[in-house]
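One file, coords.cif, carrying mmCIF, C-alpha atoms:
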data_structure
#
loop_
_atom_site.label_atom_id
_atom_site.label_comp_id
_atom_site.auth_asym_id
_atom_site.auth_seq_id
_atom_site.Cartn_x
_atom_site.Cartn_y
_atom_site.Cartn_z
CA ARG A 1 -16.51 254.01 205.92
CA GLU A 2 -14.89 257.47 205.96
CA THR A 3 -11.41 255.92 205.65
CA GLU A 4 -12.62 253.73 202.79
CA THR A 5 -14.04 256.77 201.00
CA ILE A 6 -10.74 258.64 201.37
CA HIS A 7 -8.87 255.67 199.92
CA GLU A 8 -11.28 255.50 196.99
CA PHE A 9 -10.77 259.21 196.31
CA GLN A 10 -6.99 258.82 196.54
CA ASP A 11 -7.20 255.99 194.04
CA VAL A 12 -9.15 258.06 191.53
CA VAL A 13 -6.89 261.09 191.87
CA LEU A 14 -3.57 259.23 191.80
CA TYR A 15 -4.51 257.04 188.86
CA ALA A 16 -5.83 260.04 186.93
CA LEU A 17 -2.58 261.89 187.59
CA GLY A 18 -0.66 258.86 186.37
CA GLN A 19 -2.65 258.91 183.14
CA LEU A 20 -2.14 262.66 182.78
CA ALA A 21 1.60 262.18 183.18
CA ASN A 22 1.60 260.63 179.71
CA ASN A 23 0.78 264.08 178.37
CA ASP A 24 3.90 266.21 177.92
CA TYR A 25 2.31 269.42 179.22
CA ALA A 26 0.81 267.73 182.26
CA LEU A 27 4.06 265.88 182.92
CA GLU A 28 5.98 269.14 182.90
CA TYR A 29 3.69 270.55 185.59
CA LEU A 30 3.76 267.36 187.65
CA MET A 31 7.55 267.33 187.56
CA GLU A 32 7.55 270.83 188.99
CA GLN A 33 5.51 269.44 191.89
CA GLN A 34 7.52 266.24 192.31
CA ASN A 35 8.67 267.08 195.84
CA VAL A 36 5.06 267.37 197.00
CA ILE A 37 4.09 264.23 195.08
CA ILE A 38 6.88 262.05 196.46
CA GLU A 39 6.11 263.15 200.02
CA HIS A 40 2.52 262.02 199.49
CA ILE A 41 2.95 258.74 197.63
CA ALA A 42 6.07 257.41 199.39
CA PRO A 43 4.25 256.70 202.69
CA ILE A 44 1.46 254.98 200.72
CA ILE A 45 3.91 252.64 199.00
CA ASN A 46 5.91 252.03 202.18
CA SER A 47 2.91 251.20 204.37
CA PHE A 48 1.41 248.85 201.79
CA SER A 49 4.72 247.08 201.24
CA THR A 50 5.15 246.65 205.00
CA LYS A 51 1.78 244.89 205.13
CA PHE A 52 2.77 242.69 202.19
CA ILE A 53 6.05 241.65 203.84
CA SER A 54 4.55 241.17 207.31
CA SER A 55 2.78 237.87 207.89
CA SER A 56 0.55 239.32 210.60
CA THR A 57 -1.12 242.70 210.72
CA SER A 58 -3.33 243.95 213.54
CA LEU A 59 -6.90 244.93 212.73
CA GLN A 60 -6.21 248.50 213.82
CA LEU A 61 -3.22 248.74 211.48
CA GLU A 62 -5.16 246.98 208.72
CA ASN A 63 -7.67 249.83 208.65
CA GLN A 64 -4.87 252.36 208.15
CA ILE A 65 -3.24 250.58 205.22
CA PRO A 66 -4.04 251.90 201.72
CA SER A 67 -5.93 249.67 199.33
CA ARG A 68 -4.42 248.01 196.28
CA ASN A 69 -6.16 250.57 194.09
CA VAL A 70 -4.48 253.44 195.91
CA VAL A 71 -1.07 251.78 195.64
CA ILE A 72 -1.59 251.11 191.94
CA GLY A 73 -2.38 254.80 191.50
CA ALA A 74 0.70 255.86 193.46
CA ILE A 75 3.12 253.64 191.54
CA HIS A 76 1.40 254.41 188.24
CA LEU A 77 2.05 258.10 188.91
CA LEU A 78 5.65 257.57 190.02
CA GLN A 79 6.72 255.62 186.94
CA PRO A 80 6.35 258.36 184.27
CA LEU A 81 7.84 260.94 186.64
CA LEU A 82 11.00 258.84 186.92
CA LYS A 83 11.58 258.82 183.17
CA ASP A 84 14.68 260.87 182.29
CA ASN A 85 14.61 262.29 185.81
CA PRO A 86 17.83 261.49 187.73
CA THR A 87 16.90 264.00 190.45
CA LEU A 88 13.72 262.14 191.35
CA CYS A 89 15.60 258.84 191.21
CA LYS A 90 17.93 260.19 193.88
CA GLN A 91 14.94 261.26 195.97
CA VAL A 92 13.53 257.75 195.76
CA GLN A 93 16.93 256.31 196.61
CA TYR A 94 17.31 258.41 199.75
CA TYR A 95 13.69 258.38 200.93
CA PRO A 96 13.72 255.94 203.90
CA GLY A 97 12.48 252.51 202.89
CA LEU A 98 11.01 253.53 199.54
CA GLY A 99 13.48 251.69 197.30
CA THR A 100 13.11 248.49 199.32
CA SER A 101 9.33 248.81 199.16
CA ILE A 102 9.25 249.21 195.38
CA VAL A 103 11.58 246.23 194.90
CA SER A 104 9.47 244.04 197.19
CA LEU A 105 6.30 244.94 195.28
CA THR A 106 7.80 243.68 192.01
CA ASN A 107 7.13 240.27 193.55
CA PHE A 108 3.73 241.17 195.03
CA THR A 109 1.55 238.11 195.87
CA ARG A 110 3.95 235.93 193.89
CA MET A 111 3.80 233.32 196.66
CA LYS A 112 0.08 233.58 197.45
CA THR A 113 -2.92 231.71 196.10
CA ASP A 114 -3.71 231.55 192.39
CA GLU A 115 -6.67 233.90 192.79
CA GLN A 116 -4.57 236.54 194.53
CA ARG A 117 -1.56 236.06 192.31
CA ASN A 118 -3.39 236.32 189.01
CA SER A 119 -5.70 239.18 189.90
CA SER A 120 -5.36 242.17 187.61
CA LYS A 121 -4.62 244.45 190.55
CA SER A 122 -1.70 242.31 191.68
CA ALA A 123 -0.39 242.21 188.12
CA GLN A 124 -0.58 246.00 187.86
CA ILE A 125 1.34 246.45 191.11
CA ARG A 126 4.08 244.14 189.84
CA LYS A 127 4.12 245.81 186.43
CA TRP A 128 4.40 249.42 187.60
CA SER A 129 6.89 248.56 190.36
CA SER A 130 9.11 246.72 187.89
CA GLN A 131 8.96 249.64 185.46
CA CYS A 132 9.95 252.04 188.24
CA ILE A 133 12.98 249.87 189.03
CA GLU A 134 13.98 249.65 185.36
CA GLN A 135 13.62 253.41 184.94
CA MET A 136 15.88 254.06 187.91
CA LYS A 137 18.52 251.70 186.52
CA ILE A 138 18.41 253.55 183.21
CA ASN A 139 18.82 256.94 184.89
CA ASP A 140 21.55 255.91 187.31
CA LYS A 141 23.92 253.08 186.41
CA SER A 142 25.32 252.96 189.92
CA ILE A 143 21.96 252.51 191.65
CA LEU A 144 22.18 248.75 191.11
CA LEU A 145 24.76 248.64 193.90
CA THR A 146 22.25 250.21 196.27
CA MET A 147 19.55 247.81 195.10
CA VAL A 148 21.78 244.83 195.85
CA SER A 149 23.30 246.03 199.12
CA GLU A 150 20.26 247.72 200.67
CA TRP A 151 17.02 246.91 198.80
CA LYS A 152 17.21 243.07 198.75
CA TYR A 153 17.11 243.11 194.96
CA LEU A 154 18.91 239.78 194.59
CA ALA A 155 16.72 237.96 197.11
CA VAL A 156 13.52 239.22 195.48
CA ASN A 157 14.63 238.01 192.05
CA ILE A 158 15.70 234.62 193.40
CA THR A 159 12.29 234.23 195.03
CA SER A 160 10.60 235.27 191.81
CA VAL A 161 12.48 232.65 189.79
CA ALA A 162 11.93 229.95 192.41
CA CYS A 163 8.17 230.56 192.57
CA ALA A 164 7.75 230.94 188.81
CA GLY A 165 9.24 227.52 188.09
CA GLY A 166 8.59 224.05 189.39
CA ASN A 167 5.02 223.53 190.55
CA GLU A 168 4.25 227.18 191.26
CA ILE A 169 3.34 229.81 188.66
CA GLU A 170 4.91 228.13 185.62
CA ASP A 171 5.48 231.48 183.94
CA PRO A 172 8.48 231.54 181.58
CA LYS A 173 8.36 235.34 181.25
CA THR A 174 8.68 235.78 185.01
CA ILE A 175 11.51 233.25 185.13
CA GLU A 176 13.32 234.99 182.28
CA GLU A 177 13.01 238.45 183.86
CA GLY A 178 14.30 237.17 187.19
CA LEU A 179 17.22 235.32 185.62
CA ARG A 180 18.22 238.35 183.56
CA SER A 181 18.23 240.50 186.69
CA ILE A 182 20.40 237.98 188.55
CA LEU A 183 22.82 237.82 185.63
CA GLU A 184 22.93 241.62 185.50
CA ILE A 185 23.92 241.70 189.17
CA TYR A 186 26.77 239.25 188.66
CA GLU A 187 28.00 240.95 185.49
CA CYS A 188 28.10 244.37 187.12
CA LEU A 189 29.80 243.15 190.29
CA LEU A 190 32.35 241.14 188.32
CA ASN A 191 33.15 243.66 185.59
CA GLY A 192 31.78 247.02 186.72
CA ASN A 193 30.51 249.58 184.22
CA LYS A 194 31.09 253.20 183.24
CA GLU A 195 30.03 254.40 186.69
CA TYR A 196 32.03 252.05 188.93
CA SER A 197 34.69 249.34 188.85
CA GLU A 198 34.28 245.69 189.79
CA GLN A 199 33.00 245.08 193.32
CA PRO A 200 34.77 242.03 194.81
CA ARG A 201 33.61 242.67 198.37
CA MET A 202 29.97 243.00 197.39
CA LEU A 203 30.31 239.97 195.12
CA ARG A 204 31.54 238.00 198.12
CA ASP A 205 28.50 239.12 200.14
CA VAL A 206 26.20 238.16 197.27
CA GLN A 207 27.78 234.74 197.00
CA ILE A 208 27.36 234.12 200.72
CA GLU A 209 23.70 235.14 200.42
CA VAL A 210 23.22 232.82 197.45
CA GLU A 211 24.67 229.86 199.32
CA GLU A 212 22.77 230.57 202.54
CA GLU A 213 19.47 230.88 200.69
CA GLY A 214 20.03 227.77 198.58
CA ALA A 215 19.52 229.83 195.44
CA ASN A 216 21.47 227.41 193.25
CA GLU A 217 18.99 224.64 193.99
CA ASP A 218 15.98 226.91 193.46
CA ILE A 219 17.23 228.05 190.07
CA GLU A 220 18.45 224.63 189.00
CA ALA A 221 14.98 223.23 189.69
CA ASN A 222 13.75 225.05 186.59
CA LEU A 223 15.77 222.66 184.44
CA TYR A 224 13.91 219.64 185.75
CA HIS A 225 10.47 220.64 186.97
CA SER A 226 9.16 223.35 184.68
CA THR A 227 6.75 222.22 181.98
CA VAL A 228 7.03 225.52 180.15
CA MET A 229 10.81 225.75 179.83
CA ASP A 230 11.90 227.18 176.50
CA ASP A 231 15.39 227.39 175.01
CA GLN A 232 15.92 230.99 176.14
CA VAL A 233 15.00 230.27 179.76
CA GLN A 234 17.14 227.13 179.77
CA TRP A 235 20.12 229.07 178.45
CA LEU A 236 19.64 231.83 181.04
CA THR A 237 19.29 229.25 183.82
CA GLU A 238 22.55 227.60 182.82
CA MET A 239 24.30 230.99 182.58
CA CYS A 240 23.11 231.94 186.08
CA LEU A 241 24.23 228.65 187.55
CA ASN A 242 27.66 229.02 185.94
CA LYS A 243 28.05 232.50 187.41
CA MET A 244 26.97 231.38 190.86
CA ILE A 245 28.88 228.12 191.05
CA ASN A 246 32.15 229.45 189.65
CA GLN A 247 32.55 232.27 192.18
CA GLU A 248 34.95 231.53 195.01
CA ILE A 249 34.49 233.13 198.42
CA TYR A 250 37.71 234.61 199.75
#
Render the structure in this file as structure tokens.
Amino acid sequence: RETETIHEFQDVVLYALGQLANNDYALEYLMEQQNVIIEHIAPIINSFSTKFISSSTSLQLENQIPSRNVVIGAIHLLQPLLKDNPTLCKQVQYYPGLGTSIVSLTNFTRMKTDEQRNSSKSAQIRKWSSQCIEQMKINDKSILLTMVSEWKYLAVNITSVACAGGNEIEDPKTIEEGLRSILEIYECLLNGNKEYSEQPRMLRDVQIEVEEEGANEDIEANLYHSTVMDDQVQWLTEMCLNKMINQEIY
């Protein structure tokens, strides 16, 4: 009960701080304390993500894992702090496991039961995690390379698209977001941007991963099985397939 009470208190405090971060004066103070904050919330996010990824968790470990409410509070606080804050983005990038954890939580409970998947808490975890990822990409154009090579960003988006089509979630918004992220990966690796040139070696690794995971088939399934396919999603699906299929592995 004591552990549960601590988690409840953490939830209240972290979520309140996240709300306060929307105030310019409070945000300024919180940014001054960002080193302390990241050292506190990073282990929360990492431990929860580890539980999410792991299919089996011991009862002893289960009692040490933060609740969904606490994780929502932690990510909710992190998101506004990342805005226009390249320094904190670098801290997240180099904090062991944190980037991978945030990426994995963008797909939180996507493959679980309807009740779990559609719960408001699960939706909030996905929402705030996705916004953290987007904020980091805005602040650092080169961080996408780290996301692809180290944080399993491609695999998470492929899974998201695969589960959101066919007979799973049937959510065109989720499909569209995943497809846009996959296209972004290919575009950046093929053409580079202002921060880096094209990345043929990484593109080769991505293409091998795509073929090994059967991503083409998962994405193509949206064209035939989804009952909610709209023109935009169909166009994005075809664009993704063209990018994937037309890449040769050297």
Once the PyMOL selection byres ((chain A and resi 135) around 9) has been evaluated on this model, what residues remain selected, and can you format them as number ranges by chain? A: 79-80, 82-85, 89, 130-134, 136-140
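With CA of Ser181 (chain A) on one side and CA of Ala74 (chain A) on the other, the separation reads 24.3 Å.
Non-sequential neighbours of Glu211 (chain A) (distance at most 9 Å, separation of 5 or more positions within a chain, only C-alpha atoms) are Val206, Asn216 and Met244 of chain A.
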Excluding region 145-160 of chain A and its own-chain neighbours fewer than 5 positions away, which residues fall within 10 Å of it when counting only C-alpha atoms? Please give them as number ranges by chain. A: 93, 97-108, 110-111, 133, 137, 165, 169, 174-183, 185-186, 188-189, 196, 199, 202-203, 205-206, 209-210, 213-216, 218-219
What does the distance between CA of Leu223 (chain A) and CA of Cys163 (chain A) come to in Å, to one decimal place?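 Pair CA of Leu223 (chain A) / CA of Cys163 (chain A) returns 13.6 Å.
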Suppose you want the space between CA of Asn222 (chain A) and CA of Cys240 (chain A); what is it in Å? 11.6 Å
Which residues fall under the PyMOL selection byres ((chain A and resi 15) around 12) in this file, as a JSON list (two decimals) with C-alpha atoms, keeping the file's coordinate frame?
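Here's the written file expr15.json:
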[["chain", "number", "residue", "atom", "x", "y", "z"],
["A", 7, "HIS", "CA", -8.87, 255.67, 199.92],
["A", 8, "GLU", "CA", -11.28, 255.50, 196.99],
["A", 9, "PHE", "CA", -10.77, 259.21, 196.31],
["A", 10, "GLN", "CA", -6.99, 258.82, 196.54],
["A", 11, "ASP", "CA", -7.20, 255.99, 194.04],
["A", 12, "VAL", "CA", -9.15, 258.06, 191.53],
["A", 13, "VAL", "CA", -6.89, 261.09, 191.87],
["A", 14, "LEU", "CA", -3.57, 259.23, 191.80],
["A", 16, "ALA", "CA", -5.83, 260.04, 186.93],
["A", 17, "LEU", "CA", -2.58, 261.89, 187.59],
["A", 18, "GLY", "CA", -0.66, 258.86, 186.37],
["A", 19, "GLN", "CA", -2.65, 258.91, 183.14],
["A", 20, "LEU", "CA", -2.14, 262.66, 182.78],
["A", 21, "ALA", "CA", 1.60, 262.18, 183.18],
["A", 22, "ASN", "CA", 1.60, 260.63, 179.71],
["A", 41, "ILE", "CA", 2.95, 258.74, 197.63],
["A", 68, "ARG", "CA", -4.42, 248.01, 196.28],
["A", 69, "ASN", "CA", -6.16, 250.57, 194.09],
["A", 70, "VAL", "CA", -4.48, 253.44, 195.91],
["A", 71, "VAL", "CA", -1.07, 251.78, 195.64],
["A", 72, "ILE", "CA", -1.59, 251.11, 191.94],
["A", 73, "GLY", "CA", -2.38, 254.80, 191.50],
["A", 74, "ALA", "CA", 0.70, 255.86, 193.46],
["A", 75, "ILE", "CA", 3.12, 253.64, 191.54],
["A", 76, "HIS", "CA", 1.40, 254.41, 188.24],
["A", 77, "LEU", "CA", 2.05, 258.10, 188.91],
["A", 78, "LEU", "CA", 5.65, 257.57, 190.02],
["A", 79, "GLN", "CA", 6.72, 255.62, 186.94],
["A", 80, "PRO", "CA", 6.35, 258.36, 184.27],
["A", 124, "GLN", "CA", -0.58, 246.00, 187.86],
["A", 128, "TRP", "CA", 4.40, 249.42, 187.60]]
Please rebuild region 129-142 of chain A with N, CA, C and O atoms and return the result as a short mmCIF file (atom, residue, chain, number, x, y, z; two decimals), keeping the file's coordinate frame.
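result_12.cif was written with the following content:
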data_model
loop_
_atom_site.label_atom_id
_atom_site.label_comp_id
_atom_site.auth_asym_id
_atom_site.auth_seq_id
_atom_site.Cartn_x
_atom_site.Cartn_y
_atom_site.Cartn_z
N SER A 129 5.70 248.59 189.49
CA SER A 129 6.89 248.56 190.36
C SER A 129 8.12 248.18 189.56
O SER A 129 9.19 248.80 189.70
N SER A 130 7.98 247.16 188.72
CA SER A 130 9.11 246.72 187.89
C SER A 130 9.56 247.83 186.94
O SER A 130 10.76 248.03 186.72
N GLN A 131 8.60 248.55 186.38
CA GLN A 131 8.96 249.64 185.46
C GLN A 131 9.65 250.78 186.20
O GLN A 131 10.55 251.43 185.64
N CYS A 132 9.25 251.03 187.44
CA CYS A 132 9.95 252.04 188.24
C CYS A 132 11.41 251.63 188.46
O CYS A 132 12.33 252.46 188.34
N ILE A 133 11.62 250.37 188.80
CA ILE A 133 12.98 249.87 189.03
C ILE A 133 13.81 249.99 187.75
O ILE A 133 14.97 250.45 187.78
N GLU A 134 13.25 249.58 186.63
CA GLU A 134 13.98 249.65 185.36
C GLU A 134 14.31 251.10 185.01
O GLU A 134 15.40 251.38 184.51
N GLN A 135 13.37 252.00 185.26
CA GLN A 135 13.62 253.41 184.94
C GLN A 135 14.75 253.98 185.78
O GLN A 135 15.59 254.74 185.30
N MET A 136 14.80 253.58 187.05
CA MET A 136 15.88 254.06 187.91
C MET A 136 17.23 253.51 187.46
O MET A 136 18.24 254.21 187.51
N LYS A 137 17.26 252.28 187.00
CA LYS A 137 18.52 251.70 186.52
C LYS A 137 18.99 252.40 185.25
O LYS A 137 20.19 252.54 185.02
N ILE A 138 18.05 252.82 184.42
CA ILE A 138 18.41 253.55 183.21
C ILE A 138 19.00 254.92 183.55
O ILE A 138 20.00 255.36 182.97
N ASN A 139 18.39 255.59 184.52
CA ASN A 139 18.82 256.94 184.89
C ASN A 139 20.13 256.96 185.66
O ASN A 139 20.89 257.93 185.59
N ASP A 140 20.38 255.92 186.43
CA ASP A 140 21.55 255.91 187.31
C ASP A 140 22.18 254.52 187.29
O ASP A 140 21.67 253.59 187.92
N LYS A 141 23.28 254.39 186.57
CA LYS A 141 23.92 253.08 186.41
C LYS A 141 24.47 252.54 187.72
O LYS A 141 24.67 251.33 187.86
N SER A 142 24.73 253.42 188.67
CA SER A 142 25.32 252.96 189.92
C SER A 142 24.27 252.54 190.95
O SER A 142 24.61 251.98 191.99
#
